[in-house]
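The structure appears below as C-alpha cells.
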Amino acid sequence: METLLIVDDDKGIQKQLKWSFADYKVVLADDRNSAIAAVRRHEPAVVTLDLGLPPDEANASEGLLALEEILRISPSTKVIVVTGSDDKTHALQAIAKGAYDFYQKPIDSDVINVIVSRAFTLAQLERENQRLVDIAGLDSGIIGSSETIDNLRSMIERIAPTEITALLLGESGTGKEVAANAIHKLSDRKNKPFIAINCASIPDTLLESELFGFEKGAFTGAHKTTKGKIECAEGGTLFLDEIGDMPFNLQAKLLRFLQEKKIERLGGRQEIQVDVRVVCATNQDLSSMVAEKTFREDLYYRVSEIPIMIPPLRDRGEDVVILAQYFLTRYSQQYKSQAKSFSQEAKSALKQYKWPGNIRELQNKVKSSVVLATTSQVSPIDLGLLYRVDDSIEEMPLNLREVREKAESSAIYRAYALAQGNMSKTAELLGITRPTLYSLIEKYELVINEESVN
Ligand SMILES: Nc1ncnc2c1ncn2[C@@H]1O[C@H](COP(=O)(O)OP(=O)(O)OP(=O)(O)O)[C@@H](O)[C@H]1O
C-alpha cells in the first residue's frame, strides 16, 4: 500500500482527509518538524501540505519552509499544497518552489482524491523509469535483467578490454550489433570510431572496395582515392555483420588483414598498417559452411576465438516487459503520446508471444502501439497481439458452452503462436479453413496482428 503524508494542523481536516484516503496508508503531521520527521521515516511518495502551519497559521511562511525542506530531503516527492480559498499567490509561490500541484479549500474529497491519485501514478512511473535507467544504466547499453542477459553482460565486460575476436551468434534482431557496440564502448578503443558493415547487404562486387578502399583510377568511376571501412575504423572497432555472407574470394584477403593487420586498397601497390579490432556476427551455422567448403576453415578459427550466443527474446523471461517499457517511454516522449504504461493484459500478451523478429519486432510493435493507444495504458489490441487468459482447471466455468469457447480460443491462440502469426498455417494447424478461423476470431473477439494476415 502506498504511503500518503497529510500535513495539517486542523484535527477536523486531518480526520476528513484520512477518511477519504482509505486506499492509502495515511500518516499525519501537524507542523513543520513533525512533517519533516515523517518524510524521513516513512518516505511517502505523495504529501498534502497545508501552507498555513503554526506558528504562522494566517500566512504561508511555515508551509513554504516545510515544502522546501521536504523537497531538499526527497526531491522526487510529489507535494500537493493546500491553501485558503482565495490564496492564489502562495499557491503559485509553492509551485515555483517545486510543488507538484495545489488545491484550494474547502476540501472536496472527490477532487483531492483525483489529484492525489494522479500524483501517485506519476511517482510510480518515475520510479519505474528510474529502475529501467538503473538496469540500462550499465555502460553496455544492453537492457535486461534476466540471468541470460546478466551472463552476456559479464562475458562482454570480461572480453572487452582484450583484443580477442568475438563471434556473436543469434537470430536476427536479438541485439548482435548492440553487443558489438558494447564490446567497443567498454574497451580502451571507446573514443575511436565504431564502424558496422553488413556483408549481406552489399553486393559482392562492391564489398571489397567498401572494406579495403580504392586508389584513384582503380576502376571506371574511381575518381579519387577513397579509404575503406577498415581504414575508417582506425584505432577503433569494425563490426562485420553476417560474416557468413562474405564472398569466398574475399575471405583470404580478410584473413590476411586479421592476422597481419595490413591491407592494400584496390588498385594500390602499397601495404597500409592498420590498428583495428574486429567483432563478427552471424546467424548462419559457420561450422557446416566450413564442412561444405563455402567458408574458409582458417578464417573460421580466426574470427571465432570466443563465440558468444545472444539469446532470443522468448528466452529472456521478464526482460520483454522491461524492454517494452523502455521503448514505450522513449517513443511516448518522441511522439508526445499519452501512452505511459502497459495494462496487465498487455504485459501477459507480451510474455505469451514468441517474438520471431526478436527485439526489433518488439520495438516496432511498441512504436505503433504508442501511436494507436487512446489512453495512458497500452492494451494488447494497441500492440496487435493476441491475449490468452490463463485458466487453471479449478477456475474453468462449469457451463459446457463456456468451457468449449475458452478451450477454442486458447487453442487458436496456441496455434497462432506456433505458426508465428501466419494465418494460413494457424488454420492448417487447427484443421479448419481460413474463413472459419476468421469467423472464430470475430466470435471470440480475439485480437490478431494485422501485419501478419497473409
Ligand atoms: N538489449 C537491448 N537493449 C536495447 N535495445 C536493444 C537490445 N537489443 C537489441 N536492441 C535494439 O533492437 C534492434 C535490433 O538490434 P540489432 O540490430 O543489434 O540486432 P541484430 O541481432 O544485429 O540484428 P540482425 O541480425 O538483423 O542484424 C536495434 O534497434 C537495437 O537498438
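Residues in the C-alpha cells are numbered from 1 in each chain, the chains being A, B, ... in the order shown, and ligands are numbered from 1 in the order shown.
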
What do you get as a PyMOL selection string if you pick all residues at most 10 Å from ligand 1, counting only C-alpha atoms and all ligand atoms?
-> chain A and resi 136+140-145+149+153+168-181+196-198+200+239+241-242+281-283+310-313+319-320+322-324+326-327+357-364

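The environment of Val39 of chain A within 9 Å, counting only C-alpha atoms and disregarding residues fewer than 6 places along the same chain, consists of A:Leu5, A:Val47, A:Ile70, A:Ile73, A:Ser74.
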
Selection to disk with C-alpha atoms, as a JSON list (two decimals), in the first residue's frame:
```json
[["chain", "number", "residue", "atom", "x", "y", "z"],
["A", 5, "LEU", "CA", 1.52, 12.05, 4.34],
["A", 47, "VAL", "CA", 2.33, 14.66, 0.58],
["A", 70, "ILE", "CA", 10.72, 18.15, 2.06],
["A", 73, "ILE", "CA", 15.41, 15.71, 1.59],
["A", 74, "SER", "CA", 13.41, 13.90, -1.09]]
```

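Comparing A:Ser332, A:Val290, A:Pro54, A:Phe212 by their smallest distance to Glu271 of chain A, the closest is A:Phe212 (using only C-alpha atoms).
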
DSSP on the backbone, then: every residue of segment 34-195 of chain A marked alpha helix (DSSP H), written as a ChimeraX atom specification.
-> /A:34-42,61-73,88-96,109-136,147-159,176-185

Counting only C-alpha atoms, what is within 7 Å of Phe120 of chain A, bar same-chain residues fewer than 4 positions away, as a list in words?
-> Ala45, Val46, Val116 and Gln124 of chain A

Could the residues in this selection be saved with N, CA and C atoms as a CSV table (one decimal), in the first residue's frame?
```
chain,number,residue,atom,x,y,z
A,45,ALA,N,5.5,8.9,-1.1
A,45,ALA,CA,5.6,9.3,-2.5
A,45,ALA,C,4.9,10.6,-2.7
A,46,VAL,N,3.8,10.8,-1.9
A,46,VAL,CA,2.9,12.0,-2.1
A,46,VAL,C,2.6,12.6,-0.7
A,116,VAL,N,-4.5,13.5,-5.9
A,116,VAL,CA,-3.6,12.6,-5.2
A,116,VAL,C,-3.3,11.3,-6.0
A,124,GLN,N,4.9,6.7,-9.4
A,124,GLN,CA,5.1,5.3,-9.7
A,124,GLN,C,5.9,5.1,-11.1
```

Residues within 9 Å of segment 101-114 of chain A, only C-alpha atoms, excluding chain neighbours under 5 positions, as an MDAnalysis selection string = chainID A and resid 13 16:17 20:21 48 78:88 91:92 94:95 119

Within 9 Å of Asp23 of chain A using only C-alpha atoms, minus same-chain residues under 3 positions, as a ChimeraX atom specification | /A:1-2,20,26

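Relative to atom CA of Tyr100 of chain A, atom CA of Arg41 of chain A is found at 21.0 Å.
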
Close residues, segment 345-348 of chain A itself excluded, 10 Å, only C-alpha atoms, min 6 positions apart in chain, as a list in words = Glu318, Val320, Val321, Ile322, Ala324, Gln325, Gln377, Val378, Ser379, Pro380, Ile381, Asp382, Leu383, Gly384, Leu385, Leu386, Tyr387, Arg388, Val389 and Asp390 of chain A

Kindly save the residues from that selection, with C-alpha atoms included, as a PDB file, in the first residue's frame.
```pdb
ATOM      1  CA  GLU A 318      10.586 -10.702 -17.735  1.00  0.00           C
ATOM      2  CA  VAL A 320      10.382  -8.491 -22.606  1.00  0.00           C
ATOM      3  CA  VAL A 321       8.356  -6.216 -20.316  1.00  0.00           C
ATOM      4  CA  ILE A 322      11.425  -4.236 -19.228  1.00  0.00           C
ATOM      5  CA  ALA A 324       8.878  -2.849 -23.852  1.00  0.00           C
ATOM      6  CA  GLN A 325       8.605  -0.255 -21.067  1.00  0.00           C
ATOM      7  CA  GLN A 377      -2.459   2.335 -20.770  1.00  0.00           C
ATOM      8  CA  VAL A 378      -1.432   0.342 -23.830  1.00  0.00           C
ATOM      9  CA  SER A 379      -3.699  -2.667 -24.469  1.00  0.00           C
ATOM     10  CA  PRO A 380      -2.987  -5.940 -26.352  1.00  0.00           C
ATOM     11  CA  ILE A 381      -5.102  -4.517 -29.205  1.00  0.00           C
ATOM     12  CA  ASP A 382      -2.796  -1.484 -29.498  1.00  0.00           C
ATOM     13  CA  LEU A 383       0.133  -3.906 -29.679  1.00  0.00           C
ATOM     14  CA  GLY A 384      -1.591  -6.052 -32.289  1.00  0.00           C
ATOM     15  CA  LEU A 385      -1.188  -9.107 -30.074  1.00  0.00           C
ATOM     16  CA  LEU A 386      -3.453 -11.892 -29.006  1.00  0.00           C
ATOM     17  CA  TYR A 387      -4.063 -12.216 -25.303  1.00  0.00           C
ATOM     18  CA  ARG A 388      -4.924 -15.560 -23.771  1.00  0.00           C
ATOM     19  CA  VAL A 389      -6.431 -15.856 -20.299  1.00  0.00           C
ATOM     20  CA  ASP A 390      -4.506 -18.488 -18.354  1.00  0.00           C
TER      21      ASP A 390
END
```

Min atom-atom distance to Leu211 of chain A from the set A:Ser287, A:Phe248, A:Ala166, A:Phe257, counting only C-alpha atoms, belongs to A:Phe257
